[in-house]
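Chemist: Structure below; questions to follow.
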Amino acid sequence: MSREIYVNGRYLPHNKAQVHVEDRGYQFADGIYEVVPVVGGVLVDEDPHLDRLDRSLKELQISEAMSRGALKTVVREIARRNSVRDGIIYIQITRGVAHRDHVFPESAKPAVVVYARRKNIGAIYEKAAKGVAVITTPDLRWKRCDIKTVSLLPNVLAKQEAAVSGAYEAWQIDVDGMVTEGTSSNAWIVTHKDELITRPPTDEILNGITRQTLISLAEQNGLTHVSRSFT
């Protein structure tokens with residue numbers, strides 16, 4: 001975990017970083033997040049991640065907490081303060097602190113948390129090379145999976161089921177028996193015709209940034225990509 005964390009305008013030691021108990025992210029999961037990978041000191045696909053963050057905020061009618069330029073400054077500073085060259089930057093924005101009421105508060109100010117965490121990138125490459133075990137579970141999530149919200153309990157339950165089963169990931173299945181996506185990844189298959197298949201980016205899945213990048217790379221390299229549902 002970070003040695004320092006950014007919380008609402010302040011850089012704080014990890015053990016001093018706090019949010020209010022009436023933060024709506026804590027009480028209602030009323031917030032969104034993004035995770036930006038860092039590889040060799042480079043922020044991977046930073047602007048696409050921030051584009052999606054802006055979209056999530058708009059979909060939940062949460063006002064902009066700070067300009068993109070200011071947020072980028074915070075992201076780089078938190079990476080520097082924590083000496084993260086390989087890892088992730090986690091950004092979370094909630095509607096803010098207000099007395100508990102389901103209706104949007106009129107005067108709440110969005111709350112922003114940013115932290116950096118080191119990650120062994122080599123271990124990820126090893127999993128990619130060798131493959132991992134996957135189970136299937138019913139998709140219990142809400143109907144706006146295209147918004148990257150902090151409401152992840154169904155994902156957590158499915159991921160835990162995978163872990164207990166000795167698997168790395170769970171692919172979630174909709175009521176028609178079709179794969180939607182993994183708990184923390186998009187789902188792909190390669191057909192016997194060498195077609196690269198992934199589900200279309202509707203409100204039933206998160207349009208992953210890695211997903212979008214892979215589609216672009218496939219097109220650049222002459223690979224056949226098809227967006228459709230699959231069992």
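Simple scheme: letters A, B, ... for chains in structure tokens order, numbers from 1 for residues in each chain, numbers from 1 for ligands in the order shown.
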Quick one: residues within 8 Å of range 29-34 of chain A, only C-alpha atoms counted, chain neighbours fewer than 3 positions away excluded, as a list of chain:residue names?

Modeler: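 The filter keeps A:Arg24, A:Gly25, A:Tyr26, A:His49, A:Leu50, A:Leu53, A:Ser56, A:Leu57, A:Leu60, A:Tyr90, A:Ile91, A:Gln92, A:Ile93, A:Thr94, A:Arg95, A:Ile147, A:Lys148, A:Thr149, A:Val150, A:Ser151.
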
Chemist: Keeping only N, CA, C and O atoms, write the selected residues to a file as a PDB file, in the first residue's frame.

Modeler:
```
ATOM      1  N   ARG A  24     -20.710   9.439   0.892  1.00  0.00           N
ATOM      2  CA  ARG A  24     -21.741   8.656   0.202  1.00  0.00           C
ATOM      3  C   ARG A  24     -21.156   7.429  -0.509  1.00  0.00           C
ATOM      4  O   ARG A  24     -21.877   6.476  -0.795  1.00  0.00           O
ATOM      5  N   GLY A  25     -19.882   7.450  -0.751  1.00  0.00           N
ATOM      6  CA  GLY A  25     -19.256   6.252  -1.286  1.00  0.00           C
ATOM      7  C   GLY A  25     -19.266   5.130  -0.271  1.00  0.00           C
ATOM      8  O   GLY A  25     -19.468   3.957  -0.626  1.00  0.00           O
ATOM      9  N   TYR A  26     -19.091   5.466   0.991  1.00  0.00           N
ATOM     10  CA  TYR A  26     -19.089   4.488   2.074  1.00  0.00           C
ATOM     11  C   TYR A  26     -20.499   3.986   2.376  1.00  0.00           C
ATOM     12  O   TYR A  26     -20.713   2.786   2.575  1.00  0.00           O
ATOM     13  N   HIS A  49      -8.291   6.235 -19.754  1.00  0.00           N
ATOM     14  CA  HIS A  49      -8.820   5.974 -18.419  1.00  0.00           C
ATOM     15  C   HIS A  49      -9.524   7.213 -17.865  1.00  0.00           C
ATOM     16  O   HIS A  49     -10.606   7.114 -17.262  1.00  0.00           O
ATOM     17  N   LEU A  50      -8.923   8.384 -18.070  1.00  0.00           N
ATOM     18  CA  LEU A  50      -9.534   9.618 -17.562  1.00  0.00           C
ATOM     19  C   LEU A  50     -10.783   9.989 -18.361  1.00  0.00           C
ATOM     20  O   LEU A  50     -11.714  10.583 -17.806  1.00  0.00           O
ATOM     21  N   LEU A  53     -13.367   7.915 -16.777  1.00  0.00           N
ATOM     22  CA  LEU A  53     -13.693   8.488 -15.476  1.00  0.00           C
ATOM     23  C   LEU A  53     -14.676   9.648 -15.642  1.00  0.00           C
ATOM     24  O   LEU A  53     -15.674   9.744 -14.919  1.00  0.00           O
ATOM     25  N   SER A  56     -18.108   8.265 -16.430  1.00  0.00           N
ATOM     26  CA  SER A  56     -18.762   7.685 -15.255  1.00  0.00           C
ATOM     27  C   SER A  56     -19.337   8.780 -14.366  1.00  0.00           C
ATOM     28  O   SER A  56     -20.454   8.665 -13.856  1.00  0.00           O
ATOM     29  N   LEU A  57     -18.565   9.845 -14.164  1.00  0.00           N
ATOM     30  CA  LEU A  57     -19.048  10.974 -13.357  1.00  0.00           C
ATOM     31  C   LEU A  57     -20.311  11.571 -13.969  1.00  0.00           C
ATOM     32  O   LEU A  57     -21.288  11.851 -13.264  1.00  0.00           O
ATOM     33  N   LEU A  60     -23.449   9.420 -13.464  1.00  0.00           N
ATOM     34  CA  LEU A  60     -23.970   9.464 -12.091  1.00  0.00           C
ATOM     35  C   LEU A  60     -24.284  10.886 -11.634  1.00  0.00           C
ATOM     36  O   LEU A  60     -24.661  11.102 -10.485  1.00  0.00           O
ATOM     37  N   TYR A  90      -4.637   4.248  -8.272  1.00  0.00           N
ATOM     38  CA  TYR A  90      -6.071   4.103  -8.016  1.00  0.00           C
ATOM     39  C   TYR A  90      -6.669   5.484  -7.779  1.00  0.00           C
ATOM     40  O   TYR A  90      -6.179   6.251  -6.930  1.00  0.00           O
ATOM     41  N   ILE A  91      -7.722   5.810  -8.523  1.00  0.00           N
ATOM     42  CA  ILE A  91      -8.418   7.100  -8.393  1.00  0.00           C
ATOM     43  C   ILE A  91      -9.877   6.817  -8.038  1.00  0.00           C
ATOM     44  O   ILE A  91     -10.553   6.060  -8.730  1.00  0.00           O
ATOM     45  N   GLN A  92     -10.353   7.426  -6.960  1.00  0.00           N
ATOM     46  CA  GLN A  92     -11.757   7.264  -6.568  1.00  0.00           C
ATOM     47  C   GLN A  92     -12.388   8.620  -6.319  1.00  0.00           C
ATOM     48  O   GLN A  92     -11.808   9.465  -5.635  1.00  0.00           O
ATOM     49  N   ILE A  93     -13.568   8.824  -6.883  1.00  0.00           N
ATOM     50  CA  ILE A  93     -14.310  10.067  -6.659  1.00  0.00           C
ATOM     51  C   ILE A  93     -15.726   9.699  -6.253  1.00  0.00           C
ATOM     52  O   ILE A  93     -16.417   8.968  -6.970  1.00  0.00           O
ATOM     53  N   THR A  94     -16.167  10.194  -5.104  1.00  0.00           N
ATOM     54  CA  THR A  94     -17.535   9.965  -4.649  1.00  0.00           C
ATOM     55  C   THR A  94     -18.303  11.292  -4.664  1.00  0.00           C
ATOM     56  O   THR A  94     -17.720  12.359  -4.849  1.00  0.00           O
ATOM     57  N   ARG A  95     -19.614  11.185  -4.442  1.00  0.00           N
ATOM     58  CA  ARG A  95     -20.433  12.400  -4.453  1.00  0.00           C
ATOM     59  C   ARG A  95     -20.097  13.308  -3.282  1.00  0.00           C
ATOM     60  O   ARG A  95     -20.392  14.497  -3.293  1.00  0.00           O
ATOM     61  N   ILE A 147     -20.856   1.651 -16.277  1.00  0.00           N
ATOM     62  CA  ILE A 147     -20.337   2.691 -15.377  1.00  0.00           C
ATOM     63  C   ILE A 147     -19.386   2.030 -14.381  1.00  0.00           C
ATOM     64  O   ILE A 147     -19.736   1.045 -13.742  1.00  0.00           O
ATOM     65  N   LYS A 148     -18.187   2.591 -14.240  1.00  0.00           N
ATOM     66  CA  LYS A 148     -17.184   1.981 -13.362  1.00  0.00           C
ATOM     67  C   LYS A 148     -17.403   2.492 -11.932  1.00  0.00           C
ATOM     68  O   LYS A 148     -16.683   3.358 -11.437  1.00  0.00           O
ATOM     69  N   THR A 149     -18.413   1.936 -11.282  1.00  0.00           N
ATOM     70  CA  THR A 149     -18.749   2.383  -9.930  1.00  0.00           C
ATOM     71  C   THR A 149     -17.993   1.566  -8.889  1.00  0.00           C
ATOM     72  O   THR A 149     -17.471   0.482  -9.174  1.00  0.00           O
ATOM     73  N   VAL A 150     -17.998   2.074  -7.650  1.00  0.00           N
ATOM     74  CA  VAL A 150     -17.357   1.358  -6.540  1.00  0.00           C
ATOM     75  C   VAL A 150     -18.260   0.264  -5.974  1.00  0.00           C
ATOM     76  O   VAL A 150     -17.886  -0.433  -5.035  1.00  0.00           O
ATOM     77  N   SER A 151     -19.442   0.085  -6.564  1.00  0.00           N
ATOM     78  CA  SER A 151     -20.374  -0.955  -6.114  1.00  0.00           C
ATOM     79  C   SER A 151     -19.971  -2.286  -6.744  1.00  0.00           C
ATOM     80  O   SER A 151     -20.447  -2.653  -7.816  1.00  0.00           O
TER      81      SER A 151
END
```

Chemist: Please identify every residue of range 112-141 of chain A that has at least one atom no farther than 12 Å from an atom of range 67-82 of chain A, counting only C-alpha atoms, and for each give the shortest atom pair and the distance in Å to one decimal, arranged by chain then increasing number, as CSV.

Modeler:
```
residue,atom,partner,partner_atom,distance
A:Val112,CA,A:Leu71,CA,9.6
A:Val113,CA,A:Val74,CA,10.0
A:Val114,CA,A:Val75,CA,7.0
A:Tyr115,CA,A:Ile78,CA,6.4
A:Ala116,CA,A:Ala79,CA,5.8
A:Arg117,CA,A:Asn82,CA,7.9
A:Arg118,CA,A:Asn82,CA,8.5
```

Chemist: Could you save those same residues with all heavy atoms as a compact mmCIF listing (two decimals), in the first residue's frame?

Modeler:
```txt
# COMPACT_ATOMS: atom_id res chain seq x y z
N VAL A 112 -12.20 13.10 -3.31
CA VAL A 112 -11.20 12.49 -4.20
C VAL A 112 -10.13 11.79 -3.39
O VAL A 112 -9.56 12.36 -2.45
CB VAL A 112 -10.54 13.55 -5.10
CG1 VAL A 112 -9.56 12.88 -6.07
CG2 VAL A 112 -11.58 14.35 -5.86
N VAL A 113 -9.86 10.53 -3.74
CA VAL A 113 -8.78 9.76 -3.14
C VAL A 113 -7.91 9.20 -4.27
O VAL A 113 -8.43 8.66 -5.24
CB VAL A 113 -9.32 8.60 -2.28
CG1 VAL A 113 -8.18 7.68 -1.82
CG2 VAL A 113 -10.09 9.12 -1.09
N VAL A 114 -6.60 9.36 -4.14
CA VAL A 114 -5.66 8.81 -5.12
C VAL A 114 -4.53 8.13 -4.37
O VAL A 114 -3.94 8.74 -3.47
CB VAL A 114 -5.08 9.90 -6.05
CG1 VAL A 114 -4.14 9.27 -7.09
CG2 VAL A 114 -6.19 10.69 -6.73
N TYR A 115 -4.24 6.88 -4.73
CA TYR A 115 -3.07 6.24 -4.14
C TYR A 115 -2.35 5.40 -5.19
O TYR A 115 -2.89 5.10 -6.26
CB TYR A 115 -3.43 5.41 -2.91
CG TYR A 115 -4.28 4.18 -3.12
CD1 TYR A 115 -3.76 3.01 -3.68
CD2 TYR A 115 -5.62 4.18 -2.72
CE1 TYR A 115 -4.55 1.88 -3.84
CE2 TYR A 115 -6.41 3.05 -2.89
CZ TYR A 115 -5.86 1.90 -3.44
OH TYR A 115 -6.64 0.79 -3.60
N ALA A 116 -1.12 5.04 -4.88
CA ALA A 116 -0.29 4.24 -5.77
C ALA A 116 0.11 2.95 -5.07
O ALA A 116 0.32 2.95 -3.85
CB ALA A 116 0.95 5.02 -6.19
N ARG A 117 0.19 1.88 -5.83
CA ARG A 117 0.59 0.58 -5.26
C ARG A 117 1.54 -0.10 -6.22
O ARG A 117 1.28 -0.17 -7.42
CB ARG A 117 -0.64 -0.29 -5.02
CG ARG A 117 -0.32 -1.69 -4.51
CD ARG A 117 -1.60 -2.49 -4.29
NE ARG A 117 -2.39 -1.92 -3.22
CZ ARG A 117 -3.66 -2.26 -2.97
NH1 ARG A 117 -4.27 -3.13 -3.73
NH2 ARG A 117 -4.31 -1.70 -1.96
N ARG A 118 2.62 -0.62 -5.70
CA ARG A 118 3.56 -1.37 -6.53
C ARG A 118 2.98 -2.73 -6.86
O ARG A 118 2.23 -3.31 -6.09
CB ARG A 118 4.89 -1.55 -5.79
CG ARG A 118 5.62 -0.23 -5.54
CD ARG A 118 6.87 -0.46 -4.72
NE ARG A 118 7.47 0.81 -4.32
CZ ARG A 118 8.48 0.92 -3.47
NH1 ARG A 118 8.99 -0.17 -2.92
NH2 ARG A 118 8.97 2.11 -3.18
```

Chemist: Of the candidates A:Phe28, A:Asn221, A:Ala17, A:Arg55, which shows the shortest atom-to-atom distance to His102 in chain A, using only C-alpha atoms?

Modeler: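 Between A:Phe28, A:Asn221, A:Ala17, A:Arg55, the residue approaching His102 in chain A most closely is A:Phe28.
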
Chemist: Determine, counting only C-alpha atoms, which protein, DNA and RNA residues have an atom within 10 Å of an atom of His20 in chain A; residues of the same chain fewer than 6 positions away are not included. Present the result as a list in words.

Modeler: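 Answer for this query is Tyr26, Gly96, Val97, Ala98 and Ala111 of chain A.
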
Chemist: Here is a test: counting only C-alpha atoms, which residue of A:His192, A:Lys16, A:Lys58, A:Lys119 is nearest to Val39 in chain A?

Modeler: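 Counting only C-alpha atoms, the residue closest to Val39 in chain A is A:Lys119.
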
Chemist: Running DSSP on the backbone, which parts of range 6-207 of chain A land in helix (DSSP H, G or I), as a count of residues only?

Modeler: 58

Chemist: Give one line per residue of range 94-170 of chain A that approaches range 195-206 of chain A to at most 6 Å, naming the two atoms of the closest pair and their distance in Å to one decimal, counting only C-alpha atoms; sort by chain then ascending residue number and deliver it as a Markdown table.

Modeler:
```
| residue | atom | partner | partner_atom | distance |
| --- | --- | --- | --- | --- |
| A:Arg144 | CA | A:Asp203 | CA | 5.2 |
| A:Cys145 | CA | A:Ile205 | CA | 5.0 |
| A:Asp146 | CA | A:Leu206 | CA | 4.3 |
```

Chemist: Fewer than 5 positions away in the same chain doesn't count, so skip those; otherwise give me all residues within 7 Å of Glu181 in chain A, counting only C-alpha atoms, as a count of residues only.

Modeler: 5

Chemist: Rounded to one decimal, what separation in Å do you get between CA of Asp194 in chain A and CA of Leu223 in chain A?

Modeler: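 Here the two named atoms are 8.1 Å from each other.
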
Chemist: Hey, can you check how far CA of Ser184 in chain A sits from CA of Asn155 in chain A?

Modeler: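 Atom-to-atom, CA of Ser184 in chain A and CA of Asn155 in chain A are spaced 7.5 Å apart.
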
Chemist: Could you jot down the CA of Ala65 in chain A to CA of Leu12 in chain A separation for me, Å, one decimal place?

Modeler: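 CA of Leu12 in chain A lies 18.7 Å from CA of Ala65 in chain A.
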
Chemist: So that I can see what lies close to Met178 in chain A, please list as a ChimeraX atom specification the residues with an atom at most 9 Å from it, counting only C-alpha atoms and leaving out residues fewer than 6 positions away in the same chain.

Modeler: /A:172,229-231

Chemist: Within range 130-203 of chain A, find each residue whose DSSP state, derived from the backbone, is strand (DSSP E or B), and express the selection as a PyMOL selection string.

Modeler: chain A and resi 134-138+149+169-173+179-182+188-190+195-198

Chemist: Which residues, written as a list in words, have at least one atom at most 12 Å from range 123-128 of chain A, with only C-alpha atoms counted and residues fewer than 5 positions away on the same chain left out?

Modeler: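 The filter keeps Val39, Asp86, Gly87, Ala133, Tyr168 and Glu169 of chain A.
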
Chemist: Output C-alpha atoms for every residue in that selection, as a PDB file, in the first residue's frame.

Modeler:
```
ATOM      1  CA  VAL A  39       4.852   0.096 -16.386  1.00  0.00           C
ATOM      2  CA  ASP A  86       5.595  -0.790 -11.907  1.00  0.00           C
ATOM      3  CA  GLY A  87       2.135  -0.926 -10.393  1.00  0.00           C
ATOM      4  CA  ALA A 133      -8.149 -21.450 -14.415  1.00  0.00           C
ATOM      5  CA  TYR A 168      -7.973 -17.160 -10.927  1.00  0.00           C
ATOM      6  CA  GLU A 169     -11.117 -15.610 -12.392  1.00  0.00           C
TER       7      GLU A 169
END
```
